[in-house]
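**Student:** My structure is in protein-v9.txt, and what it holds is compact mmCIF, C-alpha atoms:
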```
# COMPACT_ATOMS: atom_id res chain seq x y z
CA MET H 239 -22.90 3.39 79.27
CA MET H 240 -20.36 3.19 82.08
CA SER H 241 -16.70 3.09 81.12
CA ASN H 242 -14.02 1.18 83.00
CA GLN H 243 -11.42 3.66 81.82
CA PRO H 244 -9.95 5.79 84.65
CA LYS H 245 -11.14 9.35 84.51
CA GLN H 246 -8.58 11.58 82.80
CA THR H 247 -8.12 14.81 84.66
CA SER H 248 -6.89 17.90 82.92
CA LEU H 249 -5.56 21.00 84.61
CA SER H 250 -4.84 24.24 82.82
CA ARG H 251 -3.72 27.77 83.56
CA LYS H 252 -2.95 30.90 81.56
CA ILE H 253 -0.27 33.38 82.58
CA GLN H 254 0.48 36.68 80.85
CA ILE H 255 3.68 38.65 81.27
CA ILE H 256 4.82 42.05 80.05
CA SER H 257 7.70 41.94 77.59
CA LYS H 258 10.44 43.11 79.94
CA LEU H 259 13.26 41.12 81.52
CA GLU H 260 12.25 42.24 85.01
CA ALA H 261 8.99 40.29 84.53
CA LEU H 262 10.87 36.97 84.51
CA LYS H 263 11.20 36.90 88.30
CA GLU H 264 7.42 37.21 88.73
CA LEU H 265 6.92 34.54 86.06
CA ARG H 266 9.12 32.10 87.99
CA LYS H 267 7.18 32.86 91.17
CA LYS H 268 3.83 32.16 89.48
CA LEU H 269 5.10 28.97 87.85
CA ARG H 270 6.53 27.66 91.15
CA LEU H 271 3.19 28.20 92.87
CA LEU H 272 1.32 26.57 90.00
CA PHE H 273 3.59 23.52 89.73
CA SER H 274 3.49 23.09 93.49
CA SER H 275 -0.32 23.12 93.40
CA TRP H 276 -0.16 20.53 90.60
CA SER H 277 2.16 18.38 92.77
CA ILE H 278 4.95 18.38 90.20
CA ASP H 279 8.27 17.34 91.75
CA THR H 280 10.54 20.33 92.38
CA SER H 281 13.54 18.80 90.60
CA ILE H 282 11.50 18.52 87.39
CA SER H 283 9.51 21.73 87.82
CA GLU H 284 12.64 23.87 88.25
CA GLU H 285 13.98 22.60 84.92
CA ILE H 286 10.65 23.26 83.17
CA ILE H 287 10.53 26.76 84.67
CA LEU H 288 14.00 27.36 83.24
CA ALA H 289 12.90 26.19 79.77
CA ILE H 290 9.81 28.44 79.83
CA GLU H 291 11.90 31.37 81.03
CA GLU H 292 14.39 30.84 78.19
CA VAL H 293 11.57 30.94 75.61
CA CYS H 294 10.19 34.13 77.18
CA SER H 295 13.62 35.71 77.58
CA ASN H 296 14.37 35.14 73.88
CA ALA H 297 10.95 36.57 72.99
CA ILE H 298 11.57 39.69 75.10
CA LYS H 299 15.11 40.30 73.86
CA HIS H 300 14.89 39.23 70.22
CA GLY H 301 11.18 38.94 69.37
CA HIS H 302 9.97 42.16 70.94
CA ASN H 303 13.30 44.01 71.29
CA SER H 304 12.35 44.66 74.94
CA ILE H 305 9.35 46.82 73.94
CA LYS H 306 7.44 46.85 77.22
CA THR H 307 3.98 47.40 75.70
CA LYS H 308 4.09 43.88 74.20
CA LYS H 309 2.72 40.94 76.12
CA ILE H 310 3.55 37.24 76.10
CA ASP H 311 0.87 34.63 76.83
CA ILE H 312 1.70 31.29 78.39
CA THR H 313 -0.81 28.44 78.50
CA LEU H 314 -0.03 25.37 80.58
CA ILE H 315 -2.02 22.14 80.34
CA LEU H 316 -1.39 19.08 82.48
CA LYS H 317 -3.10 15.90 81.37
CA ASP H 318 -2.16 12.26 81.93
CA ASN H 319 1.27 13.26 83.29
CA ASN H 320 2.00 15.19 80.12
CA LEU H 321 2.70 18.87 80.57
CA ASN H 322 2.03 20.92 77.44
CA ILE H 323 3.03 24.55 77.30
CA ILE H 324 2.18 27.06 74.60
CA VAL H 325 3.99 30.37 74.62
CA ASP H 326 2.14 32.79 72.30
CA ASN H 327 3.16 36.22 71.00
CA ILE H 328 6.89 35.55 71.00
CA GLY H 329 7.41 38.28 68.41
CA SER H 330 9.53 36.40 65.89
CA MET H 331 10.85 32.95 65.14
CA PRO H 332 14.33 32.12 66.44
CA LYS H 333 16.86 32.26 63.61
CA GLU H 334 19.13 29.35 62.71
CA ILE H 335 17.96 27.01 65.47
CA ASN H 336 20.08 24.09 64.25
CA LYS H 337 23.17 26.29 64.04
CA HIS H 338 22.65 27.36 67.66
CA LEU H 339 22.07 23.78 68.81
CA ASN H 340 25.15 22.50 66.99
CA THR H 341 27.53 25.23 68.14
CA THR H 342 30.01 23.63 70.51
CA LEU H 343 30.89 24.99 73.93
CA GLU H 344 34.45 25.55 72.74
CA GLU H 345 33.18 27.70 69.86
CA LEU H 346 31.07 29.78 72.25
CA VAL H 347 34.03 30.27 74.60
CA GLU H 348 36.24 31.30 71.70
CA ALA H 349 33.62 33.74 70.41
CA ARG H 350 33.38 35.31 73.91
CA LYS H 351 29.66 35.66 73.37
CA LYS H 352 27.19 35.85 76.21
CA GLY H 353 24.38 34.25 74.24
CA GLY H 354 23.82 30.89 72.60
CA PHE H 355 22.85 28.75 75.57
CA GLY H 356 19.11 29.41 75.83
CA LEU H 357 17.96 27.21 72.95
CA LYS H 358 20.34 24.44 74.07
CA LEU H 359 18.67 24.43 77.49
CA ILE H 360 15.13 24.48 76.06
CA TYR H 361 15.84 21.50 73.78
CA SER H 362 17.75 19.64 76.54
CA ILE H 363 15.00 19.95 79.11
CA MET H 364 11.82 19.46 77.10
CA ASN H 365 10.78 16.29 75.25
CA ASN H 366 9.30 18.25 72.34
CA VAL H 367 9.90 21.78 71.13
CA LYS H 368 8.17 23.35 68.14
CA TYR H 369 8.20 26.91 66.88
CA ILE H 370 5.08 27.64 64.83
CA THR H 371 3.74 30.60 62.87
CA LYS H 372 -0.03 30.79 62.45
CA ASP H 373 -1.99 33.77 61.11
CA GLY H 374 1.12 35.89 61.46
CA GLN H 375 1.53 35.04 65.16
CA HIS H 376 4.62 33.23 66.33
CA SER H 377 4.36 30.66 69.12
CA CYS H 378 6.47 28.04 70.84
CA TYR H 379 5.04 24.65 71.83
CA LEU H 380 6.79 22.70 74.57
CA SER H 381 5.95 19.36 76.09
CA LYS H 382 7.33 17.21 78.86
CA LYS H 383 6.41 13.74 80.03
CA LEU H 384 6.47 13.94 83.81
CA ARG H 385 6.69 10.25 84.69
CA MET P 203 19.97 39.51 93.47
CA LYS P 204 22.82 40.56 95.75
CA ILE P 205 26.48 40.63 94.71
CA LYS P 206 29.27 40.96 97.24
CA SER P 207 32.70 41.64 95.83
CA GLU P 208 35.96 40.90 97.68
CA ASN P 209 39.65 40.84 96.89
CA ILE P 210 42.04 38.13 98.08
CA GLU P 211 45.54 38.79 96.71
CA ASN P 212 45.26 38.25 92.94
CA ILE P 213 41.80 36.70 93.20
CA GLY P 214 38.52 38.55 92.75
CA VAL P 215 35.72 36.93 94.73
CA LEU P 216 32.04 37.33 93.90
CA ARG P 217 29.46 36.10 96.37
CA LEU P 218 26.13 35.74 94.60
CA GLU P 219 22.82 35.61 96.43
CA GLY P 220 19.40 35.07 94.89
CA GLU P 221 18.52 34.45 91.26
CA LEU P 222 20.80 35.15 88.30
CA ASP P 223 18.71 35.72 85.17
CA ALA P 224 18.67 37.95 82.10
CA SER P 225 17.69 40.98 84.15
CA THR P 226 20.43 40.58 86.77
CA ALA P 227 23.25 39.19 84.59
CA ILE P 228 24.35 42.71 83.66
CA ASP P 229 25.26 43.43 87.31
CA VAL P 230 27.43 40.30 87.51
CA ASP P 231 29.01 41.28 84.19
CA LYS P 232 29.96 44.69 85.63
CA ALA P 233 31.37 43.11 88.81
CA ILE P 234 33.57 40.69 86.83
CA LYS P 235 34.74 43.44 84.52
CA LEU P 236 35.73 45.56 87.50
CA HIS P 237 37.84 42.74 88.99
CA LEU P 238 39.62 42.16 85.69
CA GLU P 239 40.24 45.88 85.18
CA LYS P 240 41.84 45.92 88.64
CA GLY P 241 44.22 43.24 87.38
CA LYS P 242 42.80 40.23 89.21
CA LYS P 243 44.14 37.05 87.64
CA HIS P 244 41.59 34.59 89.01
CA LEU P 245 37.92 34.71 89.90
CA ILE P 246 36.11 32.74 92.59
CA ILE P 247 32.36 32.65 92.27
CA ASP P 248 30.73 31.69 95.57
CA GLY P 249 27.37 30.15 94.69
CA ALA P 250 26.35 28.97 98.16
CA LYS P 251 23.38 31.36 98.16
CA LEU P 252 22.71 31.34 94.43
CA ASP P 253 19.30 29.69 94.05
CA TYR P 254 18.78 29.91 90.30
CA ILE P 255 20.71 30.54 87.10
CA SER P 256 19.48 30.93 83.53
CA SER P 257 21.43 30.90 80.27
CA ALA P 258 22.05 34.64 80.56
CA GLY P 259 23.93 34.04 83.81
CA ILE P 260 25.96 31.19 82.35
CA GLY P 261 26.75 33.36 79.33
CA VAL P 262 28.41 36.03 81.43
CA PHE P 263 30.98 33.60 82.86
CA VAL P 264 31.63 31.90 79.52
CA ALA P 265 32.18 35.28 77.83
CA TYR P 266 35.04 36.08 80.22
CA LEU P 267 36.61 32.62 80.36
CA GLU P 268 39.01 33.06 77.46
CA ALA P 269 40.17 36.49 78.64
CA VAL P 270 40.90 35.07 82.11
CA GLN P 271 42.72 32.05 80.67
CA GLU P 272 44.83 34.25 78.37
CA ASN P 273 46.15 35.83 81.55
CA ASN P 274 46.93 32.35 82.93
CA GLY P 275 43.98 32.68 85.28
CA LYS P 276 41.03 30.50 86.17
CA ILE P 277 37.39 30.92 87.06
CA ALA P 278 36.46 28.67 89.99
CA PHE P 279 32.93 28.12 91.24
CA CYS P 280 32.41 26.92 94.78
CA ALA P 281 29.52 25.65 96.88
CA LEU P 282 27.06 25.56 93.98
CA THR P 283 23.53 24.56 94.91
CA PRO P 284 22.25 21.34 93.27
CA SER P 285 19.84 23.19 90.96
CA VAL P 286 22.55 25.55 89.69
CA LEU P 287 25.07 22.70 89.33
CA SER P 288 22.47 20.80 87.30
CA VAL P 289 22.27 23.66 84.76
CA PHE P 290 26.09 23.75 84.52
CA GLN P 291 26.11 20.01 83.86
CA MET P 292 23.32 20.24 81.28
CA LEU P 293 25.46 22.61 79.20
CA GLY P 294 28.80 20.92 79.90
CA ILE P 295 30.12 23.98 81.75
CA ASP P 296 31.42 21.67 84.48
CA GLN P 297 33.85 20.30 81.90
CA ILE P 298 35.49 23.63 81.11
CA MET P 299 35.40 25.50 84.42
CA THR P 300 36.66 24.59 87.87
CA ILE P 301 33.85 23.59 90.23
CA VAL P 302 34.74 22.72 93.81
CA ASP P 303 32.89 22.12 97.06
CA ASP P 304 34.04 25.11 99.07
CA GLU P 305 35.99 28.35 98.96
CA GLN P 306 39.11 26.88 100.55
CA SER P 307 39.29 24.24 97.82
CA ALA P 308 38.87 26.98 95.23
CA LYS P 309 41.75 28.98 96.70
CA THR P 310 43.96 25.89 96.88
CA ASN P 311 43.13 25.06 93.27
CA LEU P 312 43.90 28.59 92.06
CA PHE P 313 47.11 29.09 94.06
CA GLU P 314 48.41 25.76 92.79
CA SER P 315 47.76 26.72 89.17
```
Now, as a test, write the supplied structure out as structure tokens.

**Tutor:**
Amino acid sequence: MMSNQPKQTSLSRKIQIISKLEALKELRKKLRLLFSSWSIDTSISEEIILAIEEVCSNAIKHGHNSIKTKKIDITLILKDNNLNIIVDNIGSMPKEINKHLNTTLEELVEARKKGGFGLKLIYSIMNNVKYITKDGQHSCYLSKKLR
Amino acid sequence: MKIKSENIENIGVLRLEGELDASTAIDVDKAIKLHLEKGKKHLIIDGAKLDYISSAGIGVFVAYLEAVQENNGKIAFCALTPSVLSVFQMLGIDQIMTIVDDEQSAKTNLFES
């Protein structure tokens, strides 16, 4: 039976990075190429790249304590203008997410801390953010409606 | 990324080129620390060639803000690219730090303070 529904196309890609901060530059390069090939507008794609990098950066620094033998897997799926991203093997769950999100800029300035902005950026940029533990593996799910 | 450091009277100038992320933030941290140790009151961060910034980069500037202000100084950013400015705005950094169009405006702003 023929359907009148428009065909739904789905694009996907997997990227793996080594758990070291120097790998973030290569990650950005791969994501820029991918998003360009998927015709995602640069103004949106640069923000999404930042969100993905923040998840990976937290995983490298806090989840894996910069142990370079660990690897982080990123799966990207584009379907019906929804971009879903799964970052697997993040090492550990972020602690006190709500506390981080509710800390004011003034409090961060006063504390003279360099950290505390990553989660704020991830939650600002993406439409949905979920940290999940399954079978002992910690992952982060991100999604963004593109149009 | 490349960091060029200059001194203009009591102002330490950092010209940043490339991408400021968690792996390069430590170099900017060292450059700022050096300016402050030399007794520079103000900092100008020239972002004309800064293409990208992550939270680690933002964190470096925020961490030094109070120390600079305690010395009656300011941190002024000039010529930020739209993508970098967008990250500043997302976090509200544009509300607590001086952001101007060009270096001359930054100098004027700092000398008047």

**Student:** Can you measure atom CA of Arg270 of chain H to atom CA of Glu291 of chain H for me? One decimal in Å is fine.

**Tutor:**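 We find that atom CA of Arg270 of chain H and atom CA of Glu291 of chain H lie 12.0 Å from each other.
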
**Student:** Please find the residues of chain H near chain P - the criterion being any atom within 10 Å, counting all atoms listed in the file - and write them as a PyMOL selection string.

**Tutor:** chain H and resi 258-263+280-281+284-285+287-289+291-292+295-296+299+342-344+346-360+362-363

**Student:** If you measure from atom CA of Val286 of chain P to atom CA of Asp318 of chain H, what distance in Å do you get, rounded to one decimal?

**Tutor:**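 For atom CA of Val286 of chain P relative to atom CA of Asp318 of chain H, the distance reads 29.1 Å.
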
**Student:** Atom CA of Ala281 of chain P to atom CA of Asp248 of chain P: how many Å, to one decimal?

**Tutor:** 6.3 Å

**Student:** Would you list the residues near (28.5, 41.1, 92.9), meaning any protein, DNA or RNA residue with an atom at most 9 Å from that point in file coordinates, counting all atoms listed in the file, as a PDB file with C-alpha atoms, in the coordinates of the input?

**Tutor:**
```
ATOM      1  CA  MET P 203      19.970  39.510  93.470  1.00  0.00           C
ATOM      2  CA  LYS P 204      22.820  40.560  95.750  1.00  0.00           C
ATOM      3  CA  ILE P 205      26.480  40.630  94.710  1.00  0.00           C
ATOM      4  CA  LYS P 206      29.270  40.960  97.240  1.00  0.00           C
ATOM      5  CA  SER P 207      32.700  41.640  95.830  1.00  0.00           C
ATOM      6  CA  GLU P 208      35.960  40.900  97.680  1.00  0.00           C
ATOM      7  CA  VAL P 215      35.720  36.930  94.730  1.00  0.00           C
ATOM      8  CA  LEU P 216      32.040  37.330  93.900  1.00  0.00           C
ATOM      9  CA  ARG P 217      29.460  36.100  96.370  1.00  0.00           C
ATOM     10  CA  LEU P 218      26.130  35.740  94.600  1.00  0.00           C
ATOM     11  CA  GLU P 219      22.820  35.610  96.430  1.00  0.00           C
ATOM     12  CA  ASP P 229      25.260  43.430  87.310  1.00  0.00           C
ATOM     13  CA  VAL P 230      27.430  40.300  87.510  1.00  0.00           C
ATOM     14  CA  ASP P 231      29.010  41.280  84.190  1.00  0.00           C
ATOM     15  CA  LYS P 232      29.960  44.690  85.630  1.00  0.00           C
ATOM     16  CA  ALA P 233      31.370  43.110  88.810  1.00  0.00           C
ATOM     17  CA  ILE P 234      33.570  40.690  86.830  1.00  0.00           C
TER      18      ILE P 234
END
```

**Student:** Which polymer residues have any atom within 12 Å of an atom of Ile210 of chain P, counting all atoms listed in the file, with same-chain residues fewer than 4 positions away left out, as a tab-separated table (two decimals) with C-alpha atoms, keeping the file's coordinate frame?

**Tutor:**
```tsv
chain	number	residue	atom	x	y	z
P	214	GLY	CA	38.52	38.55	92.75
P	215	VAL	CA	35.72	36.93	94.73
P	216	LEU	CA	32.04	37.33	93.90
P	237	HIS	CA	37.84	42.74	88.99
P	242	LYS	CA	42.80	40.23	89.21
P	243	LYS	CA	44.14	37.05	87.64
P	244	HIS	CA	41.59	34.59	89.01
P	245	LEU	CA	37.92	34.71	89.90
P	246	ILE	CA	36.11	32.74	92.59
P	305	GLU	CA	35.99	28.35	98.96
P	306	GLN	CA	39.11	26.88	100.55
P	308	ALA	CA	38.87	26.98	95.23
P	309	LYS	CA	41.75	28.98	96.70
P	312	LEU	CA	43.90	28.59	92.06
P	313	PHE	CA	47.11	29.09	94.06
```

**Student:** Would you list the contacts of His376 of chain H as a list of chain:residue names, taking every protein, DNA or RNA residue within 8 Å and counting all atoms listed in the file, but skipping same-chain residues closer than 6 positions in sequence?

**Tutor:** H:Asp326, H:Asn327, H:Ile328, H:Gly329, H:Ser330, H:Met331, H:Tyr369, H:Ile370
